[in-house]
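Only one structure is covered here, and it is reproduced in the block below.
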Amino acid sequence: MSRTVLEASGVSMTFGGLVALRDVSLTLDNDQIVGLIGPNGAGKTTFFNCLTGLYSPTAGSVTLRGNRLPANPALVTAAGVARTFQNIRLFPSMTVLENVLVGRHVRMRQGPLASLFHGPVFRRGEAAAGERAMELIEFVGLTKVHDELARNLPYGDQRRLEIARALATDPTVMLLDEPTAGMNPQETDAARQLIFAIRDTGVAVVVIEHDTKFIFSLCDEVSVLVQGELLVSGTPDQVRDDPRVIEAYLGKPTDEIEAQIQAVEARPINEAEGDQA
Amino acid sequence: MTIWMREPDRPALAVPMRAGGAVLAAVGALLSWATFVLNDGPYPGKATLQFFDAPLAVESFRQQVLLLAVAALVITFVPIRGRGRILRALGWGVIAVSAVNLAFIGFNGGGFGAVTVFSGSVAFGGVVALAGGILIVLGAYAGGIEVPVHLEIRLNRYVAWAVLLIAFVGLLLLVAATLTAGGQGGVVNPYAGAMFLSFLGFAGGALTALAGAGVTSWISRLSEQHRPFSIVVLLVCALALPFTGAGTEYWMTVATNIGMYAATALGLNVVVGLAGLLDLGYVAFLGIGAVVAANVSGAAVAAFDIHLPFVVAAILSAVVAGCFGAVVGSPTLRVRGDYLAIVTLAFGEIFVRSAQNDIGGLTNGSNAIPSIPAITMFGTGFNEPIEVLGRGLPSGVLYYFLVVLLVALVMAMFANLKYSRIGRAWIAIREDEDVAKAMGIRTGRAKILAFMVGATTAGLAGAVFAHKLSTVSYESFRFTESVTLLAAVILGGMGTIPGAVLGAAVLFVLPEKLREFSDYRLMMFGLALVLIMRFRPQGLLPDRHRRAELAGEDVEGRKLDEQPTLDVHLPRGIATEGAGE
């Protein structure tokens, strides 16, 4: 059964005189993967930062399951929105396991005194957190390297560790900021499978990505952000064929180029072959 | 298959160089080292005599050189893993010992003549030994330096306990020997500094050689596996120090001072090492603790006319200091890095100036608070000598015991906090504050808590400090003290327990031992720090994480670029994470 979990309505963000976002809305159901695409500087990451409480939107509101999210990243994470970062930001000199355990922070109930005395309740809590962390490490496929320092992992593994760490916060909504940046086709495919698997565990996912091919093969819905405004929103097929999207990505064809394209298309096939010979 | 850290330069020359160097060093140890008796009195080790003149005079530094040389000779011909590393360490040991003594005899004797030829007498011992040491090191490189040895010996529990017992007793004896090496410095003993440095060179060479054979890391892994046993034995060993050669009033005082600063440094380690908050005014918390304790313990000029039992006074000191920790911590919510350092520096300065001018009427200004009564428990003053097991122990030994317990308490606190939710939160903040926040950590609270824990620790140490010194003066809490504590933490290795203790020991023993170099003392001290930081930026006993970060080594101590691939890593159990099976 699907229901709306995350709803951003009329979000605007201005920095001084610069309008980074204007009236952007987005709804996300609990079984959905929604993609957010757009050229560089379109405001995708700014929008993410509004969703995660890093920025407080100048106008509009973001609600999670009907509750308005506070403008404090720590509280937003506790409420159930987890994120990864565009350029990987792990805790480099902590091990894989420790990184994920930091993610468990918000779901653990140990005060300073419990931490000081390590009583039986503390130890049970630690053991449970460790178990959950190892589950997630297995989920993303890093069991073998769980005791390695994060900095020593290869690039793709670091991406997956970042996802495991975010999952450790038991999120309702997961925000992935360019999860396949810098990956080769095999790694990209693995990332796609991983994101499907995350969705299947009941976590709604929002993905920012440049790679439109990746987005169209992954998402249930795609929104296109251009110069801080929502241009189109719909299923991958609708978005792919929308001339405005092509225009936003490739620029508007001038009349001259258009004429050439038409001329090429109009040519008989054998003539084209003759050209190559 | 052997993986080299450094390929052999000239394998054919390796054995002759190593053996020749060892023989040279041994011969050097037996020759005379000084051409005449120095002005300040005879140099230790009967330096002007040759072996043939006095066959039994091989003692002191000459004995050290001889031992290292013989060990090098044996290792050269005994097939053992990590030979290159061991020999390199032994060679450097020989170089250090000979260089220290050569330099000292040379300077004190007024020139090069003192250690070579002077009015008919010859003394080439030092020069020959130095050459031997250099040859051993070159020989070690000629034969190649291997990757660190990973000793893996399976032992049953009781054998392991016996091994650990021997190791810890050895550590105790080493600590006692290091502490007393060269004896008490001063007018009566002008060579204390030289003898101490010489011993450090010897012990450093020998320990590094053991590390090269993989023994030290094996022992440390073993102690990790038998953690409770190791903790108990270590504690007993620490309490047994007064029963060794270090059991005199003077050494007990030195050890007590080290302990107090070690406890304080551990508190600072929470703030700097774990949470990554640079605190330049930390010693103020030690001062606050000391002032509070001084005022409630029945001193003549105290502001309050009460005499609380020590335990109550200590808790009060800790609580008051902790509150001030929260006060200083709150601005850290808004400032980071350099700016935070300035804020804390200012706080330290505010404390010193207020204490100096008696603002608040609690510190008695520049007159200080004198004659604070000694701690008394069970009818015994802590400044009295006592008798344990029929053995008389010097006065001050009770303070030593108290400080050992204090350090043990602080260590337990530090370890428990480090491996907990809050400890991980601190480390996460140190690594990347924004991401820590995005992971749901309330960074503001965590940072204030770090300051409070650090301050509480220092306050506790301050209470002992006040009683032990019996005088609390603002002069003990100047900026230089903060810097020294910070240096102790960084020198020992940030974020680790043994590191902070070792750092504190080094930084507070060295000035004590180098007294006769008075004018050059601070300069040499600074130089030593620069050298250590240049060649070991991760600190003397680093966290494995820090080591990776600062030395480019992986957790096993291999250089990262030497590492084949991630896939062939040795599988290590998660035993170290505390998940018992």
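Chain labels follow the order of the structure tokens: the first chain is A, the next B, and so on; residue numbering restarts at 1 in every chain, and ligands are counted from 1 in their shown order.
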For Thr443 (chain B), work out the shell of residues within 9 Å, counting only C-alpha atoms and skipping chain neighbours fewer than 6 positions away, then give it as a PyMOL selection string. (chain A and resi 74) or (chain B and resi 333+425-426+429+433-434+436-437)
May I ask you to extract the residues of chain A within 9 Å of chain B, using only C-alpha atoms, and to give them as an MDAnalysis selection string? chainID A and resid 52:54 72:78 82:83 85 89:95 98:99 101:106 108:112 114:118 122 126:127 130 144:145 147:149 151:154 165:166 169
At a cut-off of 9 Å, using only C-alpha atoms, what residues contact Ala164 (chain A)? Leave out same-chain residues fewer than 4 positions from it and give the result as JSON, numbers by chain. {"A": [99, 100, 103, 133, 136, 137, 139, 140, 159, 160, 168]}
Selected residues written out, N, CA and C atoms, as a CSV table (one decimal), in the first residue's frame:
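Done, and the output landed in again11.csv:
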chain,number,residue,atom,x,y,z
A,99,ASN,N,32.1,3.5,11.1
A,99,ASN,CA,31.4,4.4,10.3
A,99,ASN,C,29.9,4.1,10.4
A,100,VAL,N,29.5,2.8,10.3
A,100,VAL,CA,28.1,2.5,10.3
A,100,VAL,C,27.6,2.7,11.7
A,103,GLY,N,26.3,5.9,12.3
A,103,GLY,CA,25.0,6.0,11.8
A,103,GLY,C,23.9,5.6,12.8
A,133,ALA,N,24.6,-3.1,12.5
A,133,ALA,CA,25.6,-2.6,11.6
A,133,ALA,C,26.2,-3.6,10.7
A,136,LEU,N,23.8,-4.4,7.9
A,136,LEU,CA,23.8,-3.4,6.9
A,136,LEU,C,25.1,-3.5,6.0
A,137,ILE,N,26.2,-3.8,6.7
A,137,ILE,CA,27.5,-4.0,6.0
A,137,ILE,C,27.4,-5.2,5.0
A,139,PHE,N,24.5,-6.2,3.8
A,139,PHE,CA,23.5,-5.7,2.8
A,139,PHE,C,24.2,-5.0,1.6
A,140,VAL,N,25.2,-4.2,1.9
A,140,VAL,CA,25.9,-3.5,0.8
A,140,VAL,C,27.1,-4.2,0.3
A,159,ARG,N,31.4,4.5,-1.7
A,159,ARG,CA,30.1,4.9,-2.0
A,159,ARG,C,29.1,4.0,-1.3
A,160,ARG,N,29.3,2.7,-1.3
A,160,ARG,CA,28.4,1.8,-0.7
A,160,ARG,C,28.4,1.9,0.8
A,168,ALA,N,21.9,3.0,8.4
A,168,ALA,CA,22.0,2.7,9.8
A,168,ALA,C,21.1,3.6,10.7
Between CA of Ala290 (chain B) and CA of Ile372 (chain B), what is the distance, to one decimal in Å?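 Separating CA of Ala290 (chain B) from CA of Ile372 (chain B) is a distance of 10.6 Å.
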With distances taken over only C-alpha atoms, which of A:Gly156, A:Pro57, A:Pro179, A:Pro120 is nearest to Val206 (chain A)? A:Pro179
Please extract the residues of region 393-502 of chain B with a backbone DSSP assignment of alpha helix (DSSP H) and present them as a count of residues only. 86
Identify which of the residues B:Ala313, B:Ile166, B:Leu393, B:Met195 lies closest to Ser230 (chain B), counting only C-alpha atoms when measuring atom-to-atom distances.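 When distances to Ser230 (chain B) are compared using only C-alpha atoms, the smallest one comes from B:Ile166.
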What separation in Å, quoted to one decimal, exists between CA of Thr58 (chain A) and CA of Gly16 (chain A)?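 Going from CA of Thr58 (chain A) over to CA of Gly16 (chain A) covers 10.7 Å.
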Polymer residues at most 7 Å from Thr256 (chain B), only C-alpha atoms, same-chain spacing of 2 or more positions, as an MDAnalysis selection string: chainID B and resid 252:254 258:260 399:400 403
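Among the candidate residues A:Cys50, A:Val245, A:Leu36, A:Val232, the one lying nearest to Pro70 (chain A) is A:Cys50, with distances computed using only C-alpha atoms.
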Can you list, as a PyMOL selection string, every protein, DNA or RNA residue that comes within 8 Å of Pro236 (chain A) when you count only C-alpha atoms, leaving out same-chain residues fewer than 6 positions away? chain A and resi 215-217+219-222
Would you mind exporting N, CA and C atoms of the selected residues as a short mmCIF file (atom, residue, chain, number, x, y, z; two decimals), in the first residue's frame?
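See result_22.cif below for the written result:
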data_model
loop_
_atom_site.label_atom_id
_atom_site.label_comp_id
_atom_site.auth_asym_id
_atom_site.auth_seq_id
_atom_site.Cartn_x
_atom_site.Cartn_y
_atom_site.Cartn_z
N ILE A 215 19.04 7.37 -14.44
CA ILE A 215 17.82 7.83 -13.77
C ILE A 215 16.58 7.23 -14.41
N PHE A 216 16.54 7.22 -15.76
CA PHE A 216 15.33 6.75 -16.43
C PHE A 216 15.12 5.25 -16.22
N SER A 217 16.25 4.52 -16.00
CA SER A 217 16.10 3.07 -15.80
C SER A 217 15.84 2.72 -14.34
N CYS A 219 14.10 5.14 -11.88
CA CYS A 219 13.11 5.85 -11.08
C CYS A 219 11.68 5.56 -11.51
N ASP A 220 10.79 5.72 -10.54
CA ASP A 220 9.36 5.65 -10.84
C ASP A 220 8.87 7.00 -11.34
N GLU A 221 9.47 8.03 -10.80
CA GLU A 221 9.12 9.37 -11.24
C GLU A 221 10.37 10.22 -11.33
N VAL A 222 10.35 11.15 -12.25
CA VAL A 222 11.50 12.00 -12.43
C VAL A 222 11.07 13.46 -12.44
#
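Excluding Ala318 (chain B) itself and any same-chain residue fewer than 5 positions from it, the protein and nucleic acid residues within 8 Å of it, counting only C-alpha atoms, are Gly289, Ala455, Thr456, Thr457, Ala458, Gly459, Leu460 and Ala463 of chain B.
With only C-alpha atoms as the atoms that count, the residue of A:Asp157, A:Asp23, A:Glu162, A:Glu7 with the shortest distance to Leu225 (chain A) is A:Asp23.
Distance-wise, CA of Ala461 (chain B) and CA of Pro542 (chain B) end up 24.0 Å apart.
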Using DSSP on the backbone coordinates, identify the residues of region 29-267 of chain A assigned to strand (DSSP E or B); present them as a PyMOL selection string. chain A and resi 29+33-37+59-64+67-68+81-83+95+149+173-177+204-208+221-226+229-234
